[in-house]
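Undergrad: So here's run33.json (JSON, C-alpha atoms).
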```json
[["chain", "number", "residue", "atom", "x", "y", "z"],
["B", 1, "MET", "CA", -9.25, 13.69, 27.00],
["B", 2, "ASN", "CA", -8.17, 17.03, 25.59],
["B", 3, "THR", "CA", -8.45, 17.11, 21.79],
["B", 4, "GLU", "CA", -5.76, 19.79, 21.51],
["B", 5, "HIS", "CA", -3.36, 17.42, 23.21],
["B", 6, "LEU", "CA", -4.30, 14.68, 20.75],
["B", 7, "ARG", "CA", -3.76, 17.05, 17.83],
["B", 8, "ALA", "CA", -0.30, 17.80, 19.18],
["B", 9, "LEU", "CA", 0.50, 14.08, 19.20],
["B", 10, "ALA", "CA", -0.52, 13.71, 15.55],
["B", 11, "ALA", "CA", 1.37, 16.86, 14.58],
["B", 12, "ALA", "CA", 4.57, 15.59, 16.19],
["B", 13, "VAL", "CA", 4.44, 12.40, 14.12],
["B", 14, "ASP", "CA", 3.46, 14.18, 10.91],
["B", 15, "GLU", "CA", 6.04, 16.95, 11.16],
["B", 16, "GLY", "CA", 8.90, 14.85, 12.56],
["B", 17, "THR", "CA", 10.09, 17.25, 15.28],
["B", 18, "PHE", "CA", 8.51, 19.13, 18.16],
["B", 19, "ASP", "CA", 9.62, 22.49, 16.74],
["B", 20, "ALA", "CA", 8.09, 21.82, 13.33],
["B", 21, "ALA", "CA", 4.89, 20.54, 14.95],
["B", 22, "ALA", "CA", 4.65, 23.66, 17.11],
["B", 23, "ASP", "CA", 5.04, 25.82, 14.02],
["B", 24, "ALA", "CA", 2.32, 23.84, 12.23],
["B", 25, "LEU", "CA", -0.06, 24.39, 15.16],
["B", 26, "ARG", "CA", 1.05, 28.04, 15.49],
["B", 27, "ILE", "CA", 1.99, 27.76, 19.14],
["B", 28, "SER", "CA", 5.28, 28.15, 20.99],
["B", 29, "GLY", "CA", 7.65, 25.25, 21.45],
["B", 30, "SER", "CA", 7.17, 25.30, 25.21],
["B", 31, "ALA", "CA", 3.37, 25.25, 24.85],
["B", 32, "PHE", "CA", 3.65, 22.30, 22.48],
["B", 33, "SER", "CA", 5.88, 20.36, 24.88],
["B", 34, "GLN", "CA", 3.41, 21.01, 27.69],
["B", 35, "ARG", "CA", 0.59, 19.51, 25.61],
["B", 36, "ILE", "CA", 2.56, 16.32, 24.97],
["B", 37, "LYS", "CA", 3.58, 16.05, 28.64],
["B", 38, "ALA", "CA", -0.01, 16.58, 29.75],
["B", 39, "LEU", "CA", -1.26, 13.85, 27.39],
["B", 40, "GLU", "CA", 1.40, 11.40, 28.55],
["B", 41, "LYS", "CA", 0.55, 12.19, 32.18],
["B", 42, "ASP", "CA", -3.14, 11.68, 31.42],
["B", 43, "VAL", "CA", -2.63, 8.19, 29.96],
["B", 44, "GLY", "CA", 0.21, 7.27, 32.32],
["B", 45, "GLN", "CA", 2.58, 6.15, 29.55],
["B", 46, "VAL", "CA", 5.27, 7.54, 27.30],
["B", 47, "LEU", "CA", 3.76, 8.03, 23.85],
["B", 48, "LEU", "CA", 6.58, 9.54, 21.78],
["B", 49, "THR", "CA", 10.26, 8.81, 21.37],
["B", 50, "ARG", "CA", 12.33, 11.98, 21.49],
["B", 51, "THR", "CA", 14.19, 11.14, 18.30],
["B", 52, "VAL", "CA", 14.54, 12.76, 14.89],
["B", 53, "PRO", "CA", 12.16, 12.07, 13.35],
["B", 54, "VAL", "CA", 9.81, 11.65, 16.29],
["B", 55, "GLY", "CA", 8.54, 8.10, 16.71],
["B", 56, "THR", "CA", 5.71, 6.46, 18.62],
["B", 57, "THR", "CA", 5.83, 3.83, 21.33],
["B", 58, "SER", "CA", 3.35, 0.94, 21.21],
["B", 59, "ALA", "CA", 1.04, 2.98, 23.43],
["B", 60, "GLY", "CA", 1.63, 5.95, 21.16],
["B", 61, "ASP", "CA", 0.46, 3.94, 18.14],
["B", 62, "ARG", "CA", -2.89, 3.33, 19.82],
["B", 63, "MET", "CA", -3.23, 6.95, 20.87],
["B", 64, "LEU", "CA", -2.27, 8.17, 17.39],
["B", 65, "ARG", "CA", -5.22, 6.32, 15.89],
["B", 66, "LEU", "CA", -7.51, 7.94, 18.45],
["B", 67, "ALA", "CA", -5.95, 11.34, 17.75],
["B", 68, "ARG", "CA", -6.63, 11.12, 14.03],
["B", 69, "GLN", "CA", -10.14, 9.85, 14.56],
["B", 70, "MET", "CA", -10.97, 12.62, 17.01],
["B", 71, "ALA", "CA", -9.57, 15.28, 14.67],
["B", 72, "VAL", "CA", -11.63, 14.07, 11.69],
["B", 73, "LEU", "CA", -14.81, 13.68, 13.73],
["B", 74, "GLU", "CA", -14.42, 17.06, 15.42],
["B", 75, "ASP", "CA", -13.66, 18.91, 12.18],
["B", 76, "GLU", "CA", -16.61, 17.36, 10.38],
["B", 77, "ALA", "CA", -18.96, 18.08, 13.29],
["B", 78, "ARG", "CA", -17.85, 21.73, 13.37],
["B", 79, "ARG", "CA", -18.46, 22.12, 9.64],
["B", 80, "SER", "CA", -21.92, 20.58, 9.92],
["B", 81, "LEU", "CA", -22.74, 23.16, 12.58],
["B", 82, "GLY", "CA", -21.35, 26.03, 10.55],
["B", 83, "ARG", "CA", -18.44, 26.41, 12.98],
["B", 84, "GLY", "CA", -15.71, 25.12, 10.70],
["B", 85, "THR", "CA", -12.60, 27.07, 9.80],
["B", 86, "GLY", "CA", -12.97, 26.45, 6.09],
["B", 87, "GLY", "CA", -10.44, 23.61, 6.06],
["B", 88, "ARG", "CA", -10.99, 20.24, 4.45],
["B", 89, "THR", "CA", -11.17, 16.78, 6.01],
["B", 90, "VAL", "CA", -7.90, 14.93, 5.46],
["B", 91, "LEU", "CA", -8.49, 11.41, 4.14],
["B", 92, "SER", "CA", -5.20, 9.54, 4.53],
["B", 93, "VAL", "CA", -5.24, 6.24, 2.62],
["B", 94, "ALA", "CA", -2.69, 3.45, 2.15],
["B", 95, "VAL", "CA", -2.78, 2.11, -1.40],
["B", 96, "ASN", "CA", -0.63, -0.28, -3.40],
["B", 97, "ALA", "CA", 1.10, 1.03, -6.51],
["B", 98, "ASP", "CA", -0.65, -1.23, -9.03],
["B", 99, "SER", "CA", -4.10, -0.23, -7.80],
["B", 100, "LEU", "CA", -3.11, 3.44, -7.89],
["B", 101, "ALA", "CA", -1.95, 3.06, -11.49],
["B", 102, "THR", "CA", -5.13, 1.31, -12.67],
["B", 103, "TRP", "CA", -8.62, 1.12, -11.17],
["B", 104, "PHE", "CA", -8.01, 3.59, -8.30],
["B", 105, "VAL", "CA", -7.70, 6.40, -10.85],
["B", 106, "GLU", "CA", -11.51, 6.53, -10.91],
["B", 107, "VAL", "CA", -11.47, 7.31, -7.18],
["B", 108, "LEU", "CA", -9.15, 10.24, -7.92],
["B", 109, "ARG", "CA", -11.60, 11.53, -10.55],
["B", 110, "GLN", "CA", -14.42, 11.51, -8.02],
["B", 111, "ALA", "CA", -12.28, 13.07, -5.28],
["B", 112, "ALA", "CA", -11.43, 15.90, -7.66],
["B", 113, "THR", "CA", -15.06, 17.08, -7.35],
["B", 114, "TRP", "CA", -15.10, 17.17, -3.52],
["B", 115, "ASP", "CA", -14.74, 20.61, -1.98],
["B", 116, "ASP", "CA", -14.66, 19.46, 1.65],
["B", 117, "ALA", "CA", -11.92, 16.82, 1.67],
["B", 118, "VAL", "CA", -8.36, 16.17, 0.48],
["B", 119, "LEU", "CA", -6.62, 12.87, -0.15],
["B", 120, "GLN", "CA", -3.23, 11.98, 1.30],
["B", 121, "LEU", "CA", -2.08, 8.73, -0.30],
["B", 122, "HIS", "CA", 0.57, 6.53, 1.29],
["B", 123, "LEU", "CA", 2.18, 4.08, -1.13],
["B", 124, "GLU", "CA", 2.91, 0.62, 0.26],
["B", 125, "ASP", "CA", 2.78, -3.01, -0.87],
["B", 126, "GLN", "CA", -0.67, -4.57, -0.46],
["B", 127, "GLU", "CA", 0.77, -7.13, 1.97],
["B", 128, "HIS", "CA", 1.75, -4.36, 4.38],
["B", 129, "THR", "CA", -0.76, -1.51, 3.98],
["B", 130, "HIS", "CA", -2.76, -2.77, 6.97],
["B", 131, "GLU", "CA", 0.28, -2.00, 9.15],
["B", 132, "LEU", "CA", -0.18, 1.70, 8.39],
["B", 133, "LEU", "CA", -3.83, 1.40, 9.40],
["B", 134, "ARG", "CA", -2.92, -0.34, 12.64],
["B", 135, "SER", "CA", -0.33, 2.30, 13.50],
["B", 136, "GLY", "CA", -2.76, 5.16, 12.95],
["B", 137, "ALA", "CA", -0.88, 6.62, 9.99],
["B", 138, "VAL", "CA", -3.96, 6.24, 7.76],
["B", 139, "ILE", "CA", -7.71, 6.00, 8.21],
["B", 140, "ALA", "CA", -8.25, 3.47, 5.42],
["B", 141, "ALA", "CA", -6.21, 1.02, 3.36],
["B", 142, "ILE", "CA", -6.35, -1.25, 0.34],
["B", 143, "THR", "CA", -4.89, -4.49, 1.62],
["B", 144, "GLU", "CA", -4.52, -8.21, 1.01],
["B", 145, "ASN", "CA", -5.36, -8.85, 4.65],
["B", 146, "PRO", "CA", -9.08, -9.63, 5.11],
["B", 147, "ALA", "CA", -8.93, -9.69, 8.93],
["B", 148, "PRO", "CA", -10.08, -6.26, 10.15],
["B", 149, "VAL", "CA", -7.69, -4.19, 12.19],
["B", 150, "SER", "CA", -9.12, -3.42, 15.62],
["B", 151, "GLY", "CA", -11.71, -0.66, 15.34],
["B", 152, "CYS", "CA", -12.01, -1.06, 11.57],
["B", 153, "LEU", "CA", -14.33, -2.60, 9.01],
["B", 154, "SER", "CA", -13.13, -4.88, 6.20],
["B", 155, "MET", "CA", -14.86, -5.16, 2.82],
["B", 156, "GLU", "CA", -14.03, -7.33, -0.20],
["B", 157, "LEU", "CA", -13.09, -5.35, -3.30],
["B", 158, "GLY", "CA", -12.08, -7.88, -5.94],
["B", 159, "THR", "CA", -9.09, -9.66, -7.41],
["B", 160, "MET", "CA", -6.11, -8.40, -9.39],
["B", 161, "GLU", "CA", -4.56, -10.97, -11.69],
["B", 162, "TYR", "CA", -0.79, -10.82, -12.26],
["B", 163, "HIS", "CA", 1.07, -12.56, -15.10],
["B", 164, "ALA", "CA", 4.74, -13.47, -15.23],
["B", 165, "VAL", "CA", 6.10, -11.54, -18.22],
["B", 166, "ALA", "CA", 9.50, -11.18, -19.85],
["B", 167, "ALA", "CA", 11.10, -9.97, -23.04],
["B", 168, "SER", "CA", 11.50, -12.97, -25.35],
["B", 169, "SER", "CA", 15.13, -11.95, -25.94],
["B", 170, "LEU", "CA", 15.85, -12.29, -22.19],
["B", 171, "LEU", "CA", 14.47, -15.83, -22.07],
["B", 172, "ASP", "CA", 16.35, -16.80, -25.23],
["B", 173, "ARG", "CA", 19.62, -15.89, -23.52],
["B", 174, "HIS", "CA", 18.90, -18.36, -20.73],
["B", 175, "ARG", "CA", 17.60, -21.36, -22.67],
["B", 176, "ARG", "CA", 19.18, -24.76, -22.22],
["B", 177, "GLN", "CA", 20.03, -26.96, -25.18],
["B", 178, "ASP", "CA", 16.68, -28.73, -24.83],
["B", 179, "GLY", "CA", 14.82, -25.40, -25.21],
["B", 180, "THR", "CA", 13.74, -25.06, -21.57],
["B", 181, "VAL", "CA", 14.61, -22.01, -19.50],
["B", 182, "ASP", "CA", 16.58, -22.15, -16.26],
["B", 183, "PHE", "CA", 14.73, -19.58, -14.14],
["B", 184, "GLY", "CA", 17.30, -20.01, -11.43],
["B", 185, "SER", "CA", 19.58, -17.82, -13.54],
["B", 186, "VAL", "CA", 17.16, -15.44, -15.29],
["B", 187, "PRO", "CA", 17.31, -11.94, -13.74],
["B", 188, "VAL", "CA", 14.27, -10.96, -11.68],
["B", 189, "GLN", "CA", 12.67, -7.56, -11.12],
["B", 190, "ASP", "CA", 11.17, -6.56, -7.79],
["B", 191, "PHE", "CA", 9.15, -3.40, -7.21],
["B", 192, "GLY", "CA", 10.69, -3.01, -3.76],
["B", 193, "THR", "CA", 12.26, -4.92, -0.91],
["B", 194, "ARG", "CA", 8.82, -6.00, 0.36],
["B", 195, "ASP", "CA", 7.52, -7.15, -3.03],
["B", 196, "ASN", "CA", 6.90, -10.88, -2.70],
["B", 197, "LEU", "CA", 5.11, -11.63, -6.00],
["B", 198, "GLN", "CA", 8.19, -12.69, -7.95],
["B", 199, "ARG", "CA", 9.66, -14.66, -5.05],
["B", 200, "SER", "CA", 6.48, -16.68, -4.59],
["B", 201, "ARG", "CA", 6.28, -17.60, -8.30],
["B", 202, "LEU", "CA", 9.95, -18.57, -8.42],
["B", 203, "ALA", "CA", 9.52, -20.71, -5.30],
["B", 204, "ALA", "CA", 6.53, -22.46, -6.93],
["B", 205, "TRP", "CA", 8.59, -23.14, -10.06],
["B", 206, "ARG", "CA", 11.40, -24.59, -7.97],
["B", 207, "ASP", "CA", 8.98, -26.83, -6.08],
["B", 208, "GLY", "CA", 7.59, -28.09, -9.37],
["B", 209, "SER", "CA", 11.07, -28.72, -10.73],
["B", 210, "ARG", "CA", 11.96, -30.79, -7.68],
["B", 211, "ASP", "CA", 8.81, -32.85, -8.10],
["B", 212, "ALA", "CA", 9.66, -33.45, -11.74],
["B", 213, "ARG", "CA", 13.14, -34.66, -10.73],
["B", 214, "ARG", "CA", 11.66, -36.67, -7.86],
["B", 215, "GLY", "CA", 14.28, -35.50, -5.43],
["B", 216, "GLY", "CA", 15.87, -32.61, -3.60],
["B", 217, "SER", "CA", 17.97, -30.03, -5.34],
["B", 218, "GLY", "CA", 20.51, -29.09, -2.68],
["B", 219, "ALA", "CA", 21.83, -25.55, -2.87],
["B", 220, "GLU", "CA", 20.16, -23.62, -5.68],
["B", 221, "ALA", "CA", 21.46, -20.57, -7.45],
["B", 222, "GLU", "CA", 19.77, -17.27, -6.64],
["B", 223, "PRO", "CA", 19.10, -15.20, -9.77],
["B", 224, "PRO", "CA", 20.18, -11.55, -10.03],
["B", 225, "ARG", "CA", 17.51, -9.26, -8.58],
["B", 226, "HIS", "CA", 16.86, -5.75, -9.89],
["B", 227, "GLN", "CA", 14.69, -3.24, -8.06],
["B", 228, "VAL", "CA", 12.56, -0.77, -10.02],
["B", 229, "PRO", "CA", 10.21, 1.13, -7.65],
["B", 230, "THR", "CA", 7.74, 2.80, -10.03],
["B", 231, "VAL", "CA", 4.96, 1.19, -12.04],
["B", 232, "GLY", "CA", 5.95, 2.83, -15.31],
["B", 233, "GLY", "CA", 9.63, 2.12, -14.76],
["B", 234, "PHE", "CA", 8.95, -1.49, -13.74],
["B", 235, "ASN", "CA", 6.94, -2.24, -16.87],
["B", 236, "ALA", "CA", 9.44, -0.43, -19.10],
["B", 237, "ALA", "CA", 12.32, -2.40, -17.56],
["B", 238, "VAL", "CA", 10.54, -5.70, -18.25],
["B", 239, "ALA", "CA", 10.04, -4.61, -21.85],
["B", 240, "ALA", "CA", 13.72, -3.67, -22.08],
["B", 241, "GLY", "CA", 14.77, -7.15, -20.95],
["B", 242, "LEU", "CA", 16.22, -6.15, -17.58],
["B", 243, "GLY", "CA", 14.40, -9.00, -15.85],
["B", 244, "TRP", "CA", 11.09, -10.83, -15.68],
["B", 245, "GLY", "CA", 8.32, -9.57, -13.44],
["B", 246, "MET", "CA", 4.70, -9.98, -12.42],
["B", 247, "ILE", "CA", 2.49, -7.43, -14.21],
["B", 248, "PRO", "CA", -1.26, -6.93, -13.64],
["B", 249, "ALA", "CA", -3.50, -7.92, -16.54],
["B", 250, "GLY", "CA", -4.77, -4.36, -16.76],
["B", 251, "GLN", "CA", -1.26, -3.05, -17.47],
["B", 252, "LEU", "CA", -0.25, -5.54, -20.15],
["B", 253, "PRO", "CA", 0.31, -4.19, -23.66],
["B", 254, "ASP", "CA", -2.01, -5.49, -26.40],
["B", 255, "GLY", "CA", -1.03, -8.87, -27.71],
["B", 256, "VAL", "CA", 0.91, -10.17, -24.70],
["B", 257, "LEU", "CA", -1.81, -12.49, -23.41],
["B", 258, "GLU", "CA", -2.72, -13.52, -26.96],
["B", 259, "GLY", "CA", 0.90, -14.35, -27.77],
["B", 260, "THR", "CA", 1.10, -11.87, -30.67],
["B", 261, "HIS", "CA", 3.25, -9.17, -29.09],
["B", 262, "PRO", "CA", 6.55, -8.78, -30.99],
["B", 263, "ASP", "CA", 8.77, -8.53, -27.89],
["B", 264, "LEU", "CA", 6.97, -9.60, -24.70],
["B", 265, "VAL", "CA", 5.71, -13.04, -23.70],
["B", 266, "THR", "CA", 4.00, -14.54, -20.70],
["B", 267, "ILE", "CA", 5.89, -17.30, -18.90],
["B", 268, "PRO", "CA", 3.78, -20.47, -18.49],
["B", 269, "GLU", "CA", 6.39, -22.09, -16.23],
["B", 270, "LEU", "CA", 5.96, -19.29, -13.68],
["B", 271, "GLY", "CA", 2.22, -18.95, -14.16],
["B", 272, "ARG", "CA", 0.13, -16.20, -12.66],
["B", 273, "SER", "CA", -0.96, -14.92, -9.26],
["B", 274, "ARG", "CA", -4.35, -13.76, -8.08],
["B", 275, "VAL", "CA", -4.31, -11.11, -5.37],
["B", 276, "ASP", "CA", -7.53, -10.59, -3.44],
["B", 277, "LEU", "CA", -7.88, -7.00, -2.25],
["B", 278, "HIS", "CA", -9.92, -5.63, 0.64],
["B", 279, "TRP", "CA", -10.87, -2.16, 1.81],
["B", 280, "GLN", "CA", -10.30, -1.59, 5.50],
["B", 281, "ARG", "CA", -11.46, 1.64, 7.10],
["B", 282, "TRP", "CA", -12.35, 3.06, 10.47],
["B", 283, "SER", "CA", -15.62, 1.72, 11.78],
["B", 284, "ALA", "CA", -16.43, 5.23, 13.03],
["B", 285, "GLY", "CA", -18.14, 6.75, 10.04],
["B", 286, "THR", "CA", -17.90, 10.30, 8.77],
["B", 287, "GLU", "CA", -19.57, 11.75, 5.72],
["B", 288, "ALA", "CA", -16.26, 12.15, 3.91],
["B", 289, "LEU", "CA", -15.02, 8.66, 4.77],
["B", 290, "ASP", "CA", -18.35, 7.10, 3.77],
["B", 291, "ARG", "CA", -18.20, 8.94, 0.45],
["B", 292, "LEU", "CA", -14.64, 7.73, -0.12],
["B", 293, "THR", "CA", -15.67, 4.16, 0.66],
["B", 294, "ALA", "CA", -18.50, 4.33, -1.88],
["B", 295, "ALA", "CA", -16.11, 5.68, -4.51],
["B", 296, "VAL", "CA", -13.59, 2.89, -3.84],
["B", 297, "GLN", "CA", -16.26, 0.18, -4.05],
["B", 298, "GLN", "CA", -17.58, 1.59, -7.33],
["B", 299, "ALA", "CA", -14.12, 1.91, -8.88],
["B", 300, "ALA", "CA", -13.12, -1.60, -7.79],
["B", 301, "ARG", "CA", -15.74, -3.08, -10.10],
["B", 302, "THR", "CA", -13.35, -2.37, -12.98],
["B", 303, "MET", "CA", -10.46, -4.21, -11.30],
["B", 304, "ARG", "CA", -8.44, -6.65, -13.39]]
```
Write the structure described by the file as structure tokens, please.
TA:
Amino acid sequence: MNTEHLRALAAAVDEGTFDAAADALRISGSAFSQRIKALEKDVGQVLLTRTVPVGTTSAGDRMLRLARQMAVLEDEARRSLGRGTGGRTVLSVAVNADSLATWFVEVLRQAATWDDAVLQLHLEDQEHTHELLRSGAVIAAITENPAPVSGCLSMELGTMEYHAVAASSLLDRHRRQDGTVDFGSVPVQDFGTRDNLQRSRLAAWRDGSRDARRGGSGAEAEPPRHQVPTVGGFNAAVAAGLGWGMIPAGQLPDGVLEGTHPDLVTIPELGRSRVDLHWQRWSAGTEALDRLTAAVQQAARTMR
């Protein structure tokens, strides 16, 4: 299979259009189209949707993974033989925002010393990062999913502990006369539309409330839901009383867990969540990918 054709496939997905991909590869538009047609003829299936941006078919997803693997392996082999062009190996990694804001910073420090590789980080919720690995968009991912994607290895990293946290003033506004809080009405913060941490804790609270009442609850009110899609913004919004949210132990201000913080409190009724993280990567090893894996495993020892 022609590696130039595979590179054209990856370029089309990365650049979004055939014209932009042709420019990136420094070839004419007609030459680029011929490479894609030749690859599709070779495999006997349509690989790309002619949309803007360009998309992949299910067969294209599988070929995209192969294209990225071949590019990395070929580039690294050329450099080892002194035939490289001076470029760096691209290490595309899917990572969840909370890891990136905490323990993964140590990986960035190590990567800053590498002169033969660059990182391209793709931000996604840990429940869904493995989808990027399966599609071929990345070569490695930090994920909740322990089951290895086909052609990949899966390694345990550790556990992040999340606590339900709110501004005490927010909870005071939603207390019943008996002093309890109706979490069916307290505003909630989500990091994004795919963030399930708050939903799972609220569902657990509701299940416990039903058990305490020894009966069903019928239709239940859905609390207002805010969306704050950055780690710093999310934590600041919790502190401001916008809504309650699940915050990793490593991001909590001093005094919150001890109960001495002047404004923020943990919420015993909603409890905490433990998220087990795994490192999934291509099983085909390269020097750069192996080095990245070692850096991730070392940094994960500081996970909280």
Undergrad: If you count all atoms listed in the file, which residues fall within 7 Å of His174 of chain B, apart from same-chain ones fewer than 5 positions away, as a list in words?
TA: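 Listing them by chain and then by number gives Val181, Asp182 and Val186 of chain B.
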Undergrad: What is the distance, in Å and to one decimal place, between atom CA of Leu66 of chain B and atom CA of Val54 of chain B?
TA: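 Straight-line distance from atom CA of Leu66 of chain B to atom CA of Val54 of chain B works out to 17.8 Å.
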Undergrad: One decimal, in Å: what's the spacing between atom CA of Tyr162 of chain B and atom CA of Ser273 of chain B?
TA: 5.1 Å
Undergrad: Would you mind listing what lies within 12 Å of segment 145-155 of chain B as a PyMOL selection string, with only C-alpha atoms counted and same-chain residues fewer than 3 positions away left out?
TA: chain B and resi 62+65-66+69+125-136+138-142+158+275-285+290+293-294+296-297+300
Undergrad: Which residue is closest to Leu91 of chain B? Choose from B:Gln45, B:Gln298, B:Gln120, B:Thr57 and count only C-alpha atoms.
TA: B:Gln120
Undergrad: Between B:Leu121, B:Glu4, B:Gln227, B:Leu100, which is the closest to Glu74 of chain B once you count all atoms listed in the file?
TA: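 Nearest to Glu74 of chain B: B:Glu4.
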Undergrad: Which residue is closest to Arg225 of chain B? Choose from B:Gln198, B:Ser99, B:Gln34, B:Thr159 and count all atoms listed in the file.
TA: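 Smallest distance to Arg225 of chain B is found for B:Gln198.
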Undergrad: Hey, which of B:Ile36, B:Leu197, B:Leu73, B:Leu202 ends up closest to Ser185 of chain B? Count only C-alpha atoms.
TA: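 Result for the nearest residue to Ser185 of chain B: B:Leu202.
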Undergrad: The centre and edge lengths of an axis-aligned box containing all atoms of segment 18-30 of chain B present in the file, extended by 5 Å on each side, are to be given in Å to one decimal, as AutoDock Vina command-line options.
TA:
```
--center_x 4.8 --center_y 23.6 --center_z 18.7 --size_x 19.7 --size_y 19.0 --size_z 23.0
```
Undergrad: Could you check the closest approach to Pro248 of chain B for each of B:Ser30, B:Thr230, B:Thr102, B:Ser92 and tell me which residue wins, using only C-alpha atoms?
TA: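 For Pro248 of chain B, the nearest of the given residues is B:Thr102.
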Undergrad: From the list B:His5, B:Glu15, B:Ala299, B:Arg50, which residue is nearest Ala38 of chain B when using only C-alpha atoms?
TA: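 Looking only at the distances to Ala38 of chain B, the closest residue turns out to be B:His5.
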Undergrad: Suppose you want the space between atom CA of Pro223 of chain B and atom CA of Phe183 of chain B; what is it in Å?
TA: 7.6 Å
Undergrad: Applying 12 Å and only C-alpha atoms, which residues near Pro268 of chain B remain after dropping the ones on its own chain fewer than 6 positions away? List them as a list in words.
TA: His163, Ala164, Val165, Ala166, Thr180, Val181, Phe183, Arg201, Leu202, Trp205, Leu257 and Gly259 of chain B
Undergrad: Limited to C-alpha atoms, could you put the picked residues into a file as a CSV table (one decimal), keeping the file's coordinate frame?
TA:
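Wrote out.csv, looks like this:
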```csv
chain,number,residue,atom,x,y,z
B,163,HIS,CA,1.1,-12.6,-15.1
B,164,ALA,CA,4.7,-13.5,-15.2
B,165,VAL,CA,6.1,-11.5,-18.2
B,166,ALA,CA,9.5,-11.2,-19.8
B,180,THR,CA,13.7,-25.1,-21.6
B,181,VAL,CA,14.6,-22.0,-19.5
B,183,PHE,CA,14.7,-19.6,-14.1
B,201,ARG,CA,6.3,-17.6,-8.3
B,202,LEU,CA,10.0,-18.6,-8.4
B,205,TRP,CA,8.6,-23.1,-10.1
B,257,LEU,CA,-1.8,-12.5,-23.4
B,259,GLY,CA,0.9,-14.4,-27.8
```
Undergrad: Could you pull the residues within 8 Å of Leu292 of chain B, counting all atoms listed in the file, minus those fewer than 4 positions along the same chain, as a PyMOL selection string?
TA: chain B and resi 107+111+288+296
